[in-house]
Structure formats: structure tokens, C-alpha cells
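> Sharing target23.txt (compact mmCIF, C-alpha atoms) below.
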```txt
# COMPACT_ATOMS: atom_id res chain seq x y z
CA MET A 1 35.41 -2.83 -22.70
CA HIS A 2 36.14 0.25 -24.77
CA SER A 3 39.75 0.57 -23.79
CA MET A 4 41.22 -1.23 -26.80
CA TYR A 5 40.53 1.51 -29.37
CA SER A 6 39.55 4.31 -27.06
CA GLY A 7 41.86 6.68 -28.94
CA ILE A 8 39.46 6.87 -31.86
CA ASN A 9 36.67 9.34 -31.27
CA ILE A 10 33.50 10.01 -33.18
CA SER A 11 31.84 13.38 -32.95
CA GLN A 12 28.27 13.81 -34.07
CA THR A 13 28.58 17.57 -34.14
CA ASP A 14 31.53 17.37 -36.51
CA ALA A 15 30.33 18.36 -39.99
CA ARG A 16 32.32 15.50 -41.52
CA PRO A 17 30.52 12.17 -41.79
CA MET A 18 31.45 9.53 -39.23
CA TYR A 19 33.19 7.25 -41.74
CA LEU A 20 35.57 10.09 -42.71
CA GLN A 21 36.38 10.76 -39.06
CA ILE A 22 37.32 7.11 -38.62
CA MET A 23 39.42 7.15 -41.81
CA GLU A 24 41.34 10.24 -40.77
CA GLN A 25 42.17 8.89 -37.32
CA ILE A 26 43.39 5.57 -38.73
CA ARG A 27 45.44 7.41 -41.38
CA ALA A 28 47.05 9.53 -38.67
CA ARG A 29 48.07 6.41 -36.71
CA VAL A 30 49.54 4.80 -39.81
CA ALA A 31 51.38 7.97 -40.83
CA ALA A 32 52.80 8.40 -37.33
CA GLY A 33 54.08 4.83 -37.38
CA ASP A 34 51.99 3.84 -34.33
CA TRP A 35 50.29 1.32 -36.58
CA PRO A 36 53.14 -0.26 -38.61
CA SER A 37 52.62 -2.01 -41.92
CA GLY A 38 51.26 -5.51 -41.46
CA LYS A 39 49.50 -4.62 -38.19
CA GLU A 40 46.08 -6.20 -37.98
CA LEU A 41 43.20 -3.76 -37.63
CA PRO A 42 40.26 -4.51 -35.34
CA SER A 43 37.50 -6.38 -37.14
CA ILE A 44 34.70 -4.23 -38.53
CA ARG A 45 32.24 -5.52 -35.95
CA ALA A 46 34.65 -5.12 -33.05
CA LEU A 47 35.46 -1.51 -33.96
CA ALA A 48 31.77 -0.72 -34.53
CA ALA A 49 30.94 -2.12 -31.10
CA ALA A 50 33.82 -0.26 -29.43
CA LEU A 51 32.84 3.08 -30.98
CA SER A 52 29.06 2.47 -30.76
CA VAL A 53 28.64 3.25 -34.44
CA SER A 54 26.95 1.15 -37.07
CA VAL A 55 28.73 -1.68 -38.84
CA ILE A 56 28.00 -0.08 -42.21
CA THR A 57 29.86 3.09 -41.17
CA VAL A 58 33.05 1.20 -40.26
CA LYS A 59 32.69 -0.95 -43.39
CA ARG A 60 32.58 2.19 -45.53
CA ALA A 61 35.71 3.59 -43.80
CA TYR A 62 37.66 0.33 -44.32
CA LEU A 63 36.56 0.07 -47.95
CA ASP A 64 37.72 3.62 -48.72
CA LEU A 65 41.00 3.10 -46.82
CA GLU A 66 41.57 -0.01 -48.91
CA ASN A 67 40.88 1.85 -52.15
CA ASP A 68 43.36 4.50 -51.04
CA GLY A 69 45.97 1.79 -50.42
CA VAL A 70 46.24 2.48 -46.68
CA ILE A 71 45.01 -0.95 -45.63
CA VAL A 72 44.70 -4.36 -47.26
CA THR A 73 41.81 -6.70 -46.58
CA ARG A 74 42.34 -10.41 -46.92
CA HIS A 75 39.05 -12.20 -47.29
CA GLY A 76 38.22 -14.13 -44.14
CA LYS A 77 41.47 -13.10 -42.45
CA GLY A 78 40.93 -9.47 -41.61
CA SER A 79 42.36 -6.08 -42.49
CA PHE A 80 46.01 -5.05 -42.19
CA VAL A 81 47.99 -1.85 -42.53
CA ALA A 82 49.44 -1.84 -46.05
CA ASP A 83 53.10 -1.44 -46.94
CA ILE A 84 53.25 2.34 -47.05
CA ASN A 85 56.35 2.50 -49.25
CA GLY A 86 54.20 1.21 -52.07
CA LEU A 87 56.42 -1.85 -52.46
CA ALA A 88 54.44 -4.87 -53.54
CA GLY A 89 54.37 -6.43 -50.13
CA GLU A 90 53.49 -9.95 -49.25
CA LEU A 91 49.82 -9.02 -48.97
CA GLN A 92 49.65 -7.50 -52.44
CA GLU A 93 51.48 -10.50 -53.90
CA GLU A 94 48.84 -12.73 -52.37
CA LYS A 95 46.11 -10.58 -53.81
CA LEU A 96 47.73 -10.81 -57.26
CA ASP A 97 47.84 -14.60 -57.02
CA GLU A 98 44.19 -14.65 -56.02
CA HIS A 99 43.23 -12.60 -59.07
CA LEU A 100 45.43 -14.69 -61.40
CA THR A 101 43.81 -17.89 -60.13
CA ALA A 102 40.41 -16.38 -60.85
CA VAL A 103 41.57 -15.35 -64.34
CA ALA A 104 42.87 -18.86 -65.04
CA ALA A 105 39.55 -20.36 -63.96
CA LEU A 106 37.58 -17.95 -66.16
CA GLY A 107 39.89 -18.68 -69.11
CA GLN A 108 39.23 -22.38 -68.69
CA GLN A 109 35.47 -21.79 -68.59
CA LEU A 110 35.71 -19.84 -71.84
CA GLY A 111 37.87 -22.59 -73.38
CA LEU A 112 40.89 -20.34 -73.97
CA SER A 113 44.30 -21.89 -74.51
CA GLU A 114 47.27 -20.81 -72.39
CA GLU A 115 48.62 -18.81 -75.32
CA GLU A 116 45.30 -17.07 -75.95
CA LEU A 117 45.05 -16.14 -72.27
CA ALA A 118 48.61 -14.79 -72.30
CA THR A 119 47.77 -12.68 -75.39
CA ARG A 120 44.80 -11.22 -73.56
CA LEU A 121 47.00 -10.43 -70.54
CA ARG A 122 49.58 -8.67 -72.75
CA ARG A 123 46.77 -6.62 -74.31
CA ALA A 124 45.56 -5.64 -70.82
CA ILE A 125 49.11 -4.58 -69.87
CA ARG A 126 49.32 -2.36 -72.97
CA ASN A 127 45.97 -0.78 -72.06
CA VAL A 128 47.23 0.00 -68.54
CA ASP A 129 50.43 1.50 -70.00
CA LYS A 130 48.41 3.80 -72.28
CA LYS A 131 46.68 5.27 -69.24
CA MET B 132 24.88 -18.36 -49.58
CA THR B 133 21.39 -17.01 -49.00
CA GLN B 134 20.52 -16.53 -45.36
CA THR B 135 17.00 -16.33 -44.04
CA LYS B 136 16.01 -12.70 -43.66
CA HIS B 137 15.30 -11.81 -40.06
CA ILE B 138 12.38 -9.63 -41.07
CA GLU B 139 10.41 -9.81 -44.28
CA MET B 140 7.24 -7.75 -44.68
CA ARG B 141 5.55 -7.79 -48.08
CA ASN B 142 2.80 -5.30 -49.02
CA VAL B 143 1.34 -5.42 -45.56
CA ARG B 144 -1.95 -3.70 -44.85
CA LYS B 145 -3.64 -3.23 -41.52
CA ALA B 146 -6.71 -1.04 -41.21
CA PHE B 147 -8.19 0.50 -38.10
CA ARG B 148 -11.09 2.88 -37.86
CA PHE B 149 -8.98 6.05 -37.96
CA PHE B 150 -5.65 4.76 -39.18
CA THR B 151 -4.42 2.44 -41.94
CA LEU B 152 -0.99 0.98 -42.42
CA GLU B 153 -0.72 0.61 -46.18
CA ASP B 154 1.50 -1.40 -48.52
CA LEU B 155 4.39 -1.73 -46.08
CA SER B 156 7.42 -3.74 -47.26
CA LEU B 157 10.52 -4.06 -45.07
CA ASP B 158 13.57 -6.33 -45.00
CA LEU B 159 16.15 -6.86 -42.31
CA GLU B 160 19.22 -9.05 -42.93
CA PRO B 161 21.09 -10.91 -40.17
CA GLY B 162 23.86 -8.85 -38.58
CA GLN B 163 22.16 -5.52 -39.16
CA ILE B 164 20.54 -2.83 -37.07
CA MET B 165 17.50 -1.14 -38.56
CA GLY B 166 16.14 2.12 -37.25
CA LEU B 167 12.42 2.62 -37.79
CA VAL B 168 11.87 6.35 -37.70
CA GLY B 169 8.59 8.21 -37.81
CA PRO B 170 6.60 10.95 -36.11
CA ASN B 171 4.12 10.02 -33.38
CA GLY B 172 1.19 8.13 -34.88
CA ALA B 173 3.12 7.17 -38.04
CA GLY B 174 2.58 3.44 -37.56
CA LYS B 175 5.77 2.39 -35.77
CA SER B 176 3.98 0.56 -32.96
CA THR B 177 1.51 -1.07 -35.37
CA THR B 178 4.47 -2.34 -37.41
CA ILE B 179 6.07 -3.76 -34.28
CA ARG B 180 2.82 -5.41 -33.16
CA LEU B 181 2.58 -7.10 -36.56
CA LEU B 182 6.17 -8.33 -36.19
CA THR B 183 5.61 -9.69 -32.70
CA GLY B 184 2.38 -11.49 -33.60
CA LEU B 185 0.13 -9.23 -31.52
CA LEU B 186 -1.73 -8.22 -34.69
CA ALA B 187 -2.55 -10.12 -37.88
CA PRO B 188 -2.23 -8.29 -41.22
CA ASP B 189 -5.39 -7.72 -43.31
CA ALA B 190 -3.33 -8.28 -46.45
CA GLY B 191 0.27 -9.06 -47.34
CA GLU B 192 2.78 -11.27 -45.58
CA VAL B 193 4.84 -10.94 -42.40
CA ARG B 194 7.77 -13.31 -41.83
CA VAL B 195 10.09 -13.15 -38.85
CA LEU B 196 13.20 -15.37 -38.80
CA GLY B 197 11.54 -17.25 -41.67
CA HIS B 198 8.31 -17.94 -39.73
CA VAL B 199 4.95 -16.67 -40.95
CA MET B 200 3.40 -14.33 -38.40
CA PRO B 201 1.17 -14.52 -36.50
CA ASP B 202 0.48 -18.22 -37.36
CA ASN B 203 3.90 -19.52 -36.30
CA GLN B 204 4.58 -17.01 -33.57
CA ALA B 205 5.10 -19.63 -30.87
CA VAL B 206 8.22 -20.92 -32.66
CA ALA B 207 9.43 -17.49 -33.79
CA LYS B 208 9.16 -15.97 -30.32
CA ARG B 209 11.78 -18.31 -28.88
CA ASP B 210 14.31 -16.28 -30.84
CA ILE B 211 12.75 -12.83 -30.55
CA GLY B 212 13.51 -10.48 -27.69
CA PHE B 213 10.94 -7.72 -27.44
CA VAL B 214 11.31 -4.63 -25.30
CA SER B 215 8.88 -1.76 -25.12
CA ASP B 216 8.93 1.20 -22.78
CA GLU B 217 5.36 0.26 -21.83
CA MET B 218 6.45 -3.06 -20.33
CA ARG B 219 6.02 -3.34 -16.58
CA LEU B 220 7.69 -5.90 -14.37
CA PHE B 221 6.06 -7.15 -11.16
CA GLY B 222 6.69 -4.42 -8.63
CA HIS B 223 6.52 -6.66 -5.57
CA ALA B 224 9.14 -9.08 -6.93
CA THR B 225 12.91 -8.70 -7.17
CA LEU B 226 15.00 -8.60 -10.34
CA GLU B 227 16.42 -11.96 -9.19
CA TRP B 228 12.91 -13.45 -9.19
CA HIS B 229 12.29 -12.15 -12.72
CA MET B 230 15.61 -13.58 -13.92
CA GLN B 231 14.75 -17.04 -12.55
CA PHE B 232 11.28 -16.81 -14.04
CA ILE B 233 12.57 -16.00 -17.56
CA ALA B 234 15.35 -18.61 -17.22
CA SER B 235 12.71 -21.27 -16.49
CA ILE B 236 10.83 -20.45 -19.71
CA TYR B 237 13.63 -19.91 -22.21
CA ALA B 238 16.24 -22.58 -22.88
CA GLY B 239 18.69 -20.05 -24.33
CA TRP B 240 19.02 -18.11 -21.04
CA ASP B 241 22.66 -17.17 -20.42
CA GLU B 242 23.07 -16.87 -16.66
CA GLN B 243 26.66 -15.64 -16.81
CA TYR B 244 25.77 -12.89 -19.30
CA ALA B 245 22.79 -11.92 -17.12
CA ARG B 246 25.13 -11.50 -14.11
CA THR B 247 27.53 -9.43 -16.25
CA LEU B 248 24.67 -7.17 -17.34
CA VAL B 249 23.47 -6.70 -13.74
CA LYS B 250 26.94 -5.32 -12.93
CA ARG B 251 27.32 -3.28 -16.14
CA PHE B 252 23.90 -1.67 -15.69
CA ASN B 253 24.64 -1.09 -12.02
CA LEU B 254 21.46 -2.91 -10.94
CA HIS B 255 20.89 -4.95 -7.80
CA ALA B 256 19.40 -8.42 -8.21
CA LYS B 257 17.88 -8.43 -4.70
CA GLN B 258 16.11 -5.11 -5.11
CA ASN B 259 12.34 -5.01 -5.49
CA VAL B 260 11.33 -3.76 -8.94
CA SER B 261 9.04 -1.13 -7.38
CA GLY B 262 12.17 0.62 -6.06
CA LEU B 263 13.75 1.09 -9.50
CA SER B 264 13.96 4.46 -11.24
CA SER B 265 12.42 4.60 -14.72
CA GLY B 266 15.87 4.33 -16.31
CA GLU B 267 16.73 1.31 -14.16
CA HIS B 268 13.38 -0.25 -15.04
CA VAL B 269 14.15 -0.02 -18.80
CA LYS B 270 17.59 -1.50 -18.18
CA ALA B 271 16.06 -4.38 -16.18
CA VAL B 272 13.57 -5.16 -18.97
CA LEU B 273 16.36 -5.01 -21.52
CA LEU B 274 18.58 -7.27 -19.41
CA LEU B 275 15.84 -9.90 -19.28
CA ALA B 276 15.56 -9.79 -23.09
CA LEU B 277 19.33 -9.69 -23.82
CA ALA B 278 20.26 -12.58 -21.52
CA ARG B 279 17.99 -14.87 -23.53
CA ARG B 280 20.42 -14.29 -26.41
CA PRO B 281 17.63 -13.83 -28.97
CA ARG B 282 18.60 -13.71 -32.65
CA LEU B 283 16.30 -10.76 -33.24
CA LEU B 284 15.79 -7.91 -30.81
CA ILE B 285 12.76 -5.70 -31.38
CA LEU B 286 12.88 -2.53 -29.35
CA ASP B 287 10.04 -0.03 -29.23
CA GLU B 288 11.39 3.41 -28.32
CA PRO B 289 14.06 1.87 -26.09
CA THR B 290 15.91 5.07 -25.26
CA SER B 291 13.01 7.48 -24.85
CA GLY B 292 12.89 9.05 -21.42
CA LEU B 293 16.43 7.96 -20.50
CA ASP B 294 19.18 10.26 -19.34
CA PRO B 295 22.26 10.58 -21.61
CA VAL B 296 24.40 8.22 -19.51
CA ALA B 297 21.79 5.45 -19.47
CA ARG B 298 21.25 5.94 -23.22
CA HIS B 299 24.97 5.57 -23.82
CA GLU B 300 25.06 2.35 -21.78
CA LEU B 301 22.13 0.93 -23.73
CA LEU B 302 23.54 1.82 -27.15
CA SER B 303 26.89 0.22 -26.23
CA GLU B 304 25.04 -2.93 -25.23
CA PHE B 305 23.11 -2.99 -28.53
CA MET B 306 26.36 -2.74 -30.46
CA ASP B 307 27.83 -5.52 -28.36
CA VAL B 308 24.99 -7.81 -29.47
CA LEU B 309 25.94 -7.08 -33.08
CA ARG B 310 29.45 -8.46 -32.66
CA ASP B 311 27.72 -11.70 -33.56
CA GLU B 312 26.90 -11.64 -37.27
CA ASP B 313 23.79 -13.76 -36.93
CA ARG B 314 21.95 -11.37 -34.64
CA SER B 315 19.99 -8.31 -35.60
CA ILE B 316 18.05 -5.46 -34.06
CA LEU B 317 15.03 -3.47 -35.15
CA PHE B 318 14.41 -0.40 -33.07
CA SER B 319 11.85 2.32 -33.40
CA SER B 320 12.68 5.80 -32.30
CA HIS B 321 12.13 9.43 -32.94
CA ASN B 322 15.58 10.14 -31.55
CA THR B 323 17.38 10.49 -34.87
CA VAL B 324 20.76 11.07 -33.19
CA ASP B 325 20.74 7.52 -31.78
CA VAL B 326 19.46 6.10 -35.06
CA GLU B 327 22.10 7.94 -37.08
CA ARG B 328 24.84 6.61 -34.88
CA ILE B 329 24.09 2.89 -34.68
CA SER B 330 21.80 1.93 -37.59
CA ASP B 331 22.92 0.17 -40.74
CA ARG B 332 19.55 0.56 -42.39
CA ILE B 333 16.92 3.21 -41.91
CA ALA B 334 13.22 3.16 -42.73
CA PHE B 335 11.16 6.35 -42.54
CA ILE B 336 7.44 5.98 -42.08
CA ASP B 337 4.78 8.65 -41.98
CA ARG B 338 0.98 8.44 -41.85
CA GLY B 339 0.91 4.69 -42.28
CA ARG B 340 3.26 4.49 -45.26
CA LEU B 341 6.90 3.71 -45.79
CA ILE B 342 8.29 6.85 -47.42
CA ASP B 343 11.94 5.86 -47.81
CA SER B 344 14.21 3.01 -46.81
CA SER B 345 17.90 2.42 -47.51
CA ASP B 346 21.39 1.99 -46.10
CA LYS B 347 22.23 4.80 -43.72
CA GLU B 348 25.40 5.80 -45.58
CA ASP B 349 23.36 5.94 -48.77
CA PHE B 350 20.88 8.36 -47.16
CA LEU B 351 23.65 10.60 -45.92
CA GLU B 352 25.38 10.59 -49.33
CA ARG B 353 22.27 11.34 -51.37
CA TRP B 354 20.93 14.35 -49.46
CA ARG B 355 22.50 17.82 -49.61
CA ARG B 356 21.48 21.41 -49.04
CA ILE B 357 22.89 23.75 -51.68
CA GLN B 358 23.13 27.52 -51.24
CA LEU B 359 23.08 29.41 -54.53
CA GLN B 360 23.43 33.01 -55.56
CA LEU B 361 21.84 33.72 -58.93
CA PRO B 362 23.14 36.46 -61.24
CA ALA B 363 20.91 39.56 -60.93
CA GLY B 364 17.71 39.11 -62.95
CA ALA B 365 18.41 35.44 -63.77
CA ALA B 366 15.70 32.85 -63.33
CA MET B 367 16.30 29.66 -61.41
CA PRO B 368 16.63 26.75 -63.87
CA GLU B 369 14.30 23.77 -63.43
CA LEU B 370 16.20 20.87 -61.91
CA PRO B 371 15.32 17.24 -61.28
CA HIS B 372 15.50 15.69 -57.78
CA VAL B 373 14.94 18.97 -55.97
CA VAL B 374 12.90 18.22 -52.89
CA SER B 375 12.53 21.78 -51.72
CA ARG B 376 13.48 25.21 -52.94
CA VAL B 377 13.39 28.43 -50.98
CA GLN B 378 14.19 31.68 -52.77
CA ASP B 379 14.94 35.05 -51.22
CA GLY B 380 15.86 37.54 -53.96
CA GLN B 381 19.02 36.27 -55.60
CA PHE B 382 19.61 33.72 -52.88
CA VAL B 383 18.26 30.20 -53.27
CA THR B 384 18.43 27.21 -50.95
CA LEU B 385 17.89 23.88 -52.67
CA THR B 386 17.47 20.51 -51.00
CA THR B 387 18.21 17.51 -53.19
CA ASN B 388 17.81 13.78 -52.56
CA GLN B 389 20.03 12.78 -55.50
CA TYR B 390 23.23 14.70 -54.95
CA SER B 391 26.11 14.27 -57.39
CA PRO B 392 29.18 16.38 -58.17
CA ASP B 393 27.68 16.77 -61.69
CA LEU B 394 24.86 18.80 -60.19
CA ILE B 395 27.37 21.25 -58.73
CA SER B 396 29.29 21.65 -61.98
CA PHE B 397 25.94 22.16 -63.76
CA LEU B 398 24.98 24.92 -61.33
CA GLY B 399 28.41 26.49 -61.83
CA ALA B 400 29.78 29.63 -60.23
CA GLY B 401 26.60 30.51 -58.35
CA VAL B 402 27.14 27.75 -55.78
CA ARG B 403 28.10 29.34 -52.47
CA GLU B 404 27.95 26.32 -50.24
CA VAL B 405 27.10 22.62 -50.28
CA GLN B 406 26.06 21.26 -46.90
CA ARG B 407 25.67 17.72 -45.67
CA MET B 408 22.50 17.09 -43.72
CA SER B 409 21.96 15.32 -40.42
CA LEU B 410 19.57 12.39 -40.38
CA GLU B 411 17.09 14.57 -38.52
CA GLU B 412 17.14 17.20 -41.28
CA ILE B 413 16.82 14.49 -43.93
CA PHE B 414 13.93 12.93 -42.04
CA VAL B 415 11.99 16.19 -41.74
CA ALA B 416 12.63 17.20 -45.38
CA ASN B 417 11.61 13.72 -46.52
CA VAL B 418 8.35 13.74 -44.55
CA MET B 419 7.41 17.24 -45.72
CA HIS B 420 8.23 16.34 -49.33
CA HIS B 421 6.06 13.22 -49.26
CA ARG B 422 3.18 15.01 -47.59
CA GLU B 423 3.35 17.59 -50.37
CA LEU B 424 3.36 14.89 -53.05
CA ARG B 425 0.30 13.30 -51.48
CA GLY B 426 -1.39 16.67 -51.39
CA SER B 427 -2.03 17.06 -47.69
```
Can the structure from this file be put into C-alpha cells for me?

Amino acid sequence: MHSMYSGINISQTDARPMYLQIMEQIRARVAAGDWPSGKELPSIRALAAALSVSVITVKRAYLDLENDGVIVTRHGKGSFVADINGLAGELQEEKLDEHLTAVAALGQQLGLSEEELATRLRRAIRNVDKK
Amino acid sequence: MTQTKHIEMRNVRKAFRFFTLEDLSLDLEPGQIMGLVGPNGAGKSTTIRLLTGLLAPDAGEVRVLGHVMPDNQAVAKRDIGFVSDEMRLFGHATLEWHMQFIASIYAGWDEQYARTLVKRFNLHAKQNVSGLSSGEHVKAVLLLALARRPRLLILDEPTSGLDPVARHELLSEFMDVLRDEDRSILFSSHNTVDVERISDRIAFIDRGRLIDSSDKEDFLERWRRIQLQLPAGAAMPELPHVVSRVQDGQFVTLTTNQYSPDLISFLGAGVREVQRMSLEEIFVANVMHHRELRGS
């Protein structure tokens, strides 16, 4: 029952924490092209069970991999290897739409007009540019 | 969505003549594994007896799967699987007999899963229990609990006295249970290697009190050992969150439970090494620190 991800190994004598060991081994597979962009990763619970490590450890690894742009997590659908070329892939486009929908809903709650919301967005863009 | 906590202990007190469990509060969410770690005599077994309805608290509240214990234990126990290394099966009966017996009591019994576990654990259903080795006996008891598919598994020192291979098989099986997000496990142990590997949450108890409880990753991130070399003649500055400090001439070893990179930049050039700590080291440092604070 461990055969599916048996390539990933966790060492408890390794000085690095277990979540970092998982991150590095996934990174290596992505970098080598064994795990191409768009490939679905095992679910957090499935990988935890396969490696006999806690769910929270795998969760931490996936979260950090997502922050580093290596994987993309779609809520309720799972985690996927991100587009490594940094092109705004289909997954990132979806994420953008999700955020924009949330922004539109918030704007409505605050009673902002379309124009006011657009002004706020332009201001946010200028702030990002400054950084 | 708020889900019912699988374990909820609030300010629980239980006094015996020579030992008192004091002000114990614990929470376990569905889908999580909690490791209850403590030295011998810390109160692990008392905690488990309170959770399984074998003891009533003197004060405070114990809820398991939303049911008040021990008052509603009959209902709660349908969904609790309890395994202790003290449990003994009937020696003159076979594993098969035990399986049929449990299946007749619990509606949730999963015969197919039971057969799978017999094979995985390399047991023989027709064998008399008296012929089992101690490792096989633990596996048989665990099988009988697992095949009921309980929502909460409570395991008292499940891996103590097992060889490394049997321990590995058991841990794999625990993790397999957790593929289902609505199940959870509480297990007590003084084997911190097992706890470090599979727990999501960790609670340390010592001398009847909870001394620390948090997410495992949080524990491992907060604690560090820092090796310092002070300039000749310099005094060690007073620092917050230092749990222990050992000085040998210019060389100082600090243990902190609130590590941050800021601390390292504050200490500056004297820092020779920053070491992560294993759960065992954290556990021991934590216990010693709290004993010191309580002046014993």
C-alpha cells in the first residue's frame, strides 16, 4: 500500500525537519520533470498515510511549496504542480478570478460603485509597482 | 462549519490519596492525531480513564464525541475504540471467536476490513489467543478495535514493548485510519520518536498537570538550542524566553521556547550554532523547566 509514493523518504535522524525533507523531494521531482506542470499531487491525507507522518507535517510542506510557487492548491480539488515557467497558467488565472469575485462581493457589501472599486484597484496596482 | 470536538476536557480535577490530576484542559478535533506524552506516573492513564468513562471527574467537564462522560458513556462508547497494553483476550478462545463476539455487539463491525487486517498483521484467525506472542496479542486487540471503525481511537501505550517491525506496522495502520477526515486518535506514549512522527497535536503532562500543548510543527519551530561564545570578560545579557542556560567560561548554551530570527540578530556575532531540537529533547527541557518553576 506504500508503493505509490515510495520514492519519498523521511529520515528522523536527518537534522532537517520532516516537512523540509518532503518539500525538497517534491521540488527535485518537479525540477527533473518527473512531475510535469499540472500533475496532481497526492492528497495531504494520502501522502501522510503513505509516509506514516502526521497530516500537519504534510500540510506544512504543501503550504510552503505553494508560497514558493512550486504547487498550486485549488480549494476542494487538490494540489497540482504549478507552471514552472512562471507564465500565468490556467490555474493562476482561476485563482485570480476567485479573488476578483471575492473583491466584487466585498465592494458590494461596502456599497462601492464600480468606478470607486476600479479606483481602489488602480491604487493597489500603483502600490505593488512601488515595491 | 463547526464540528463537534472529539475530545473536550475543561478544567478537570481528579484527586486520589497520593496523586491529583489538576486543572486539565484538552481538545482534539476530528481528523487529528494527538500524542499524550508524559513520564511514568504523570497522569496519562488517569486522563484516559476519564475519557473512557472508567472514572468520573471531581470537578470540570469531560466530553467525548459531544457526549458528557461518564454519564452518557453508553452512547459514546459505540464510537470509541479503546486499546491498552493491559488488555487480555480469552486465552482458550481463537481470534475468530473474538471477532464474532465483537461483531455481535457492535453494529459498525467491518468484516472485510477485519479479514484484511488479519492478513496485514500476519495473524491466524483459527489460532488460540494463548499461543500469540506479546506483539501478536497487541495486534489482535488493535484489530478488534479498528474493525469496528470507531470515530475515536484511544490507545494507551500502544507501541510499548513491540519490536520495530511490529511498531512500524501499527503506525502505518494508525495513519491509514486518518485518511478519513472524521476519525481521530489519542495515544499516550513515552516513545517520543513515534509521537513526533505521526502526531498533529502534542500534549505534555507531568505530575498531574498539563505543562504544554500545541501543534507539533509549532513545538518544533519554537524550541532551539543556541551555542554562544561571549567576548572575554563580557557578561551574559538577560534574555526573555530562556528556559535553560548553561555557562562554561565564555561558552554558553541557551535553550529557548520562543525562537525567532530576531533573537539571533540580537545576540549578534557570538552565535556559534543554532540547533533544532527533537521532540524528546523538547519534552525533557519542558518538564525540567516546569518543575523548576513550581519549585520542586
> From the set B:Met165, B:Ile395, B:Val249, B:Ala297, which residue has the shortest atom-to-atom contact distance to chain A, counting only C-alpha atoms?
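Residue with the minimum atom-to-atom distance to chain A: B:Met165.
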> To one decimal place in Å, what is the distance between CA of Glu40 (chain A) and CA of Ser79 (chain A)?
5.8 Å
> Counting only C-alpha atoms, which residues sit no farther than 12 Å from the position (7.9, 16.5, -47.5) in the file's frame? I'd like them as a ChimeraX atom specification.
/B:335-337,342-343,373-376,386-388,412-427
> I want to know what sits within 10 Å of region 398-403 of chain B, based on only C-alpha atoms, with residues of the same chain fewer than 4 positions away left out; could you give that as an mmCIF file with C-alpha atoms, in the coordinates of the input?

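So around.cif came out as:
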```
data_model
loop_
_atom_site.group_PDB
_atom_site.id
_atom_site.type_symbol
_atom_site.label_atom_id
_atom_site.label_comp_id
_atom_site.auth_asym_id
_atom_site.auth_seq_id
_atom_site.Cartn_x
_atom_site.Cartn_y
_atom_site.Cartn_z
ATOM 1 C CA ILE B 357 22.890 23.750 -51.680
ATOM 2 C CA GLN B 358 23.130 27.520 -51.240
ATOM 3 C CA LEU B 359 23.080 29.410 -54.530
ATOM 4 C CA GLN B 360 23.430 33.010 -55.560
ATOM 5 C CA LEU B 361 21.840 33.720 -58.930
ATOM 6 C CA PRO B 362 23.140 36.460 -61.240
ATOM 7 C CA MET B 367 16.300 29.660 -61.410
ATOM 8 C CA PRO B 368 16.630 26.750 -63.870
ATOM 9 C CA LEU B 370 16.200 20.870 -61.910
ATOM 10 C CA GLN B 381 19.020 36.270 -55.600
ATOM 11 C CA PHE B 382 19.610 33.720 -52.880
ATOM 12 C CA VAL B 383 18.260 30.200 -53.270
ATOM 13 C CA THR B 384 18.430 27.210 -50.950
ATOM 14 C CA ASP B 393 27.680 16.770 -61.690
ATOM 15 C CA LEU B 394 24.860 18.800 -60.190
#
```
> Enumerate as an NGL selection string the residues belonging to chain A that approach chain B to within 10 Å, with all atoms listed in the file taken into account.
:A and (1-2 or 10-13 or 15-19 or 43-57 or 60)
> Extract, using all atoms listed in the file, all DNA, RNA and protein residues at most 10 Å from Glu24 (chain A), discarding same-chain residues fewer than 6 positions from it, and format them as a list in words.
Ile8, Val30, Ala61 and Leu65 of chain A
> Expressed in Å to a single decimal, how great is the separation between CA of Lys257 (chain B) and CA of Leu226 (chain B)?
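Separating CA of Lys257 (chain B) from CA of Leu226 (chain B) is a distance of 6.3 Å.
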> Output as lines of an AutoDock Vina configuration file the centre and edge lengths (Å, one decimal) of the box along x, y and z of the file that holds every listed atom of region 303-308 of chain B after adding 5 Å on each side.

```
center_x = 25.5
center_y = -3.8
center_z = -27.8
size_x = 14.7
size_y = 18.0
size_z = 15.2
```
> For Asn171 (chain B), work out the shell of residues within 12 Å, counting all atoms listed in the file and skipping chain neighbours fewer than 5 positions away, then give it as a list in words.
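After dropping sequence-adjacent residues, the list is Ser176, Thr177, Glu288, Ser319, Ser320, His321, Asn322, Ile336, Asp337, Arg338 and Gly339 of chain B.
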> Write to file, as a compact mmCIF listing (two decimals), in the coordinates of the input, the residues of the selection just made, with C-alpha atoms.

```txt
# COMPACT_ATOMS: atom_id res chain seq x y z
CA SER B 176 3.98 0.56 -32.96
CA THR B 177 1.51 -1.07 -35.37
CA GLU B 288 11.39 3.41 -28.32
CA SER B 319 11.85 2.32 -33.40
CA SER B 320 12.68 5.80 -32.30
CA HIS B 321 12.13 9.43 -32.94
CA ASN B 322 15.58 10.14 -31.55
CA ILE B 336 7.44 5.98 -42.08
CA ASP B 337 4.78 8.65 -41.98
CA ARG B 338 0.98 8.44 -41.85
CA GLY B 339 0.91 4.69 -42.28
```
> For each of A:Asn127, A:Asp83, A:Thr101, A:Leu110, take the minimum atom-to-atom distance to Pro36 (chain A), counting only C-alpha atoms, then give the residue where this is smallest.
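Answer, going by the shortest atom-to-atom distance: A:Asp83.
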> Please measure the separation of CA of Leu220 (chain B) and CA of Ser264 (chain B), giving the value in Å to one decimal.
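Rounded to one decimal, the two atoms are 12.5 Å apart.
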> Name all residues at most 12 Å from Phe232 (chain B) (count only C-alpha atoms; drop same-chain ones fewer than 5 positions away) and give them as a PyMOL selection string.
chain B and resi 220-221+224-227+237-238+240+275+279
> For the residues in the current selection, export C-alpha atoms as a tab-separated table (two decimals), keeping the file's coordinate frame.

```
chain	number	residue	atom	x	y	z
B	220	LEU	CA	7.69	-5.90	-14.37
B	221	PHE	CA	6.06	-7.15	-11.16
B	224	ALA	CA	9.14	-9.08	-6.93
B	225	THR	CA	12.91	-8.70	-7.17
B	226	LEU	CA	15.00	-8.60	-10.34
B	227	GLU	CA	16.42	-11.96	-9.19
B	237	TYR	CA	13.63	-19.91	-22.21
B	238	ALA	CA	16.24	-22.58	-22.88
B	240	TRP	CA	19.02	-18.11	-21.04
B	275	LEU	CA	15.84	-9.90	-19.28
B	279	ARG	CA	17.99	-14.87	-23.53
```
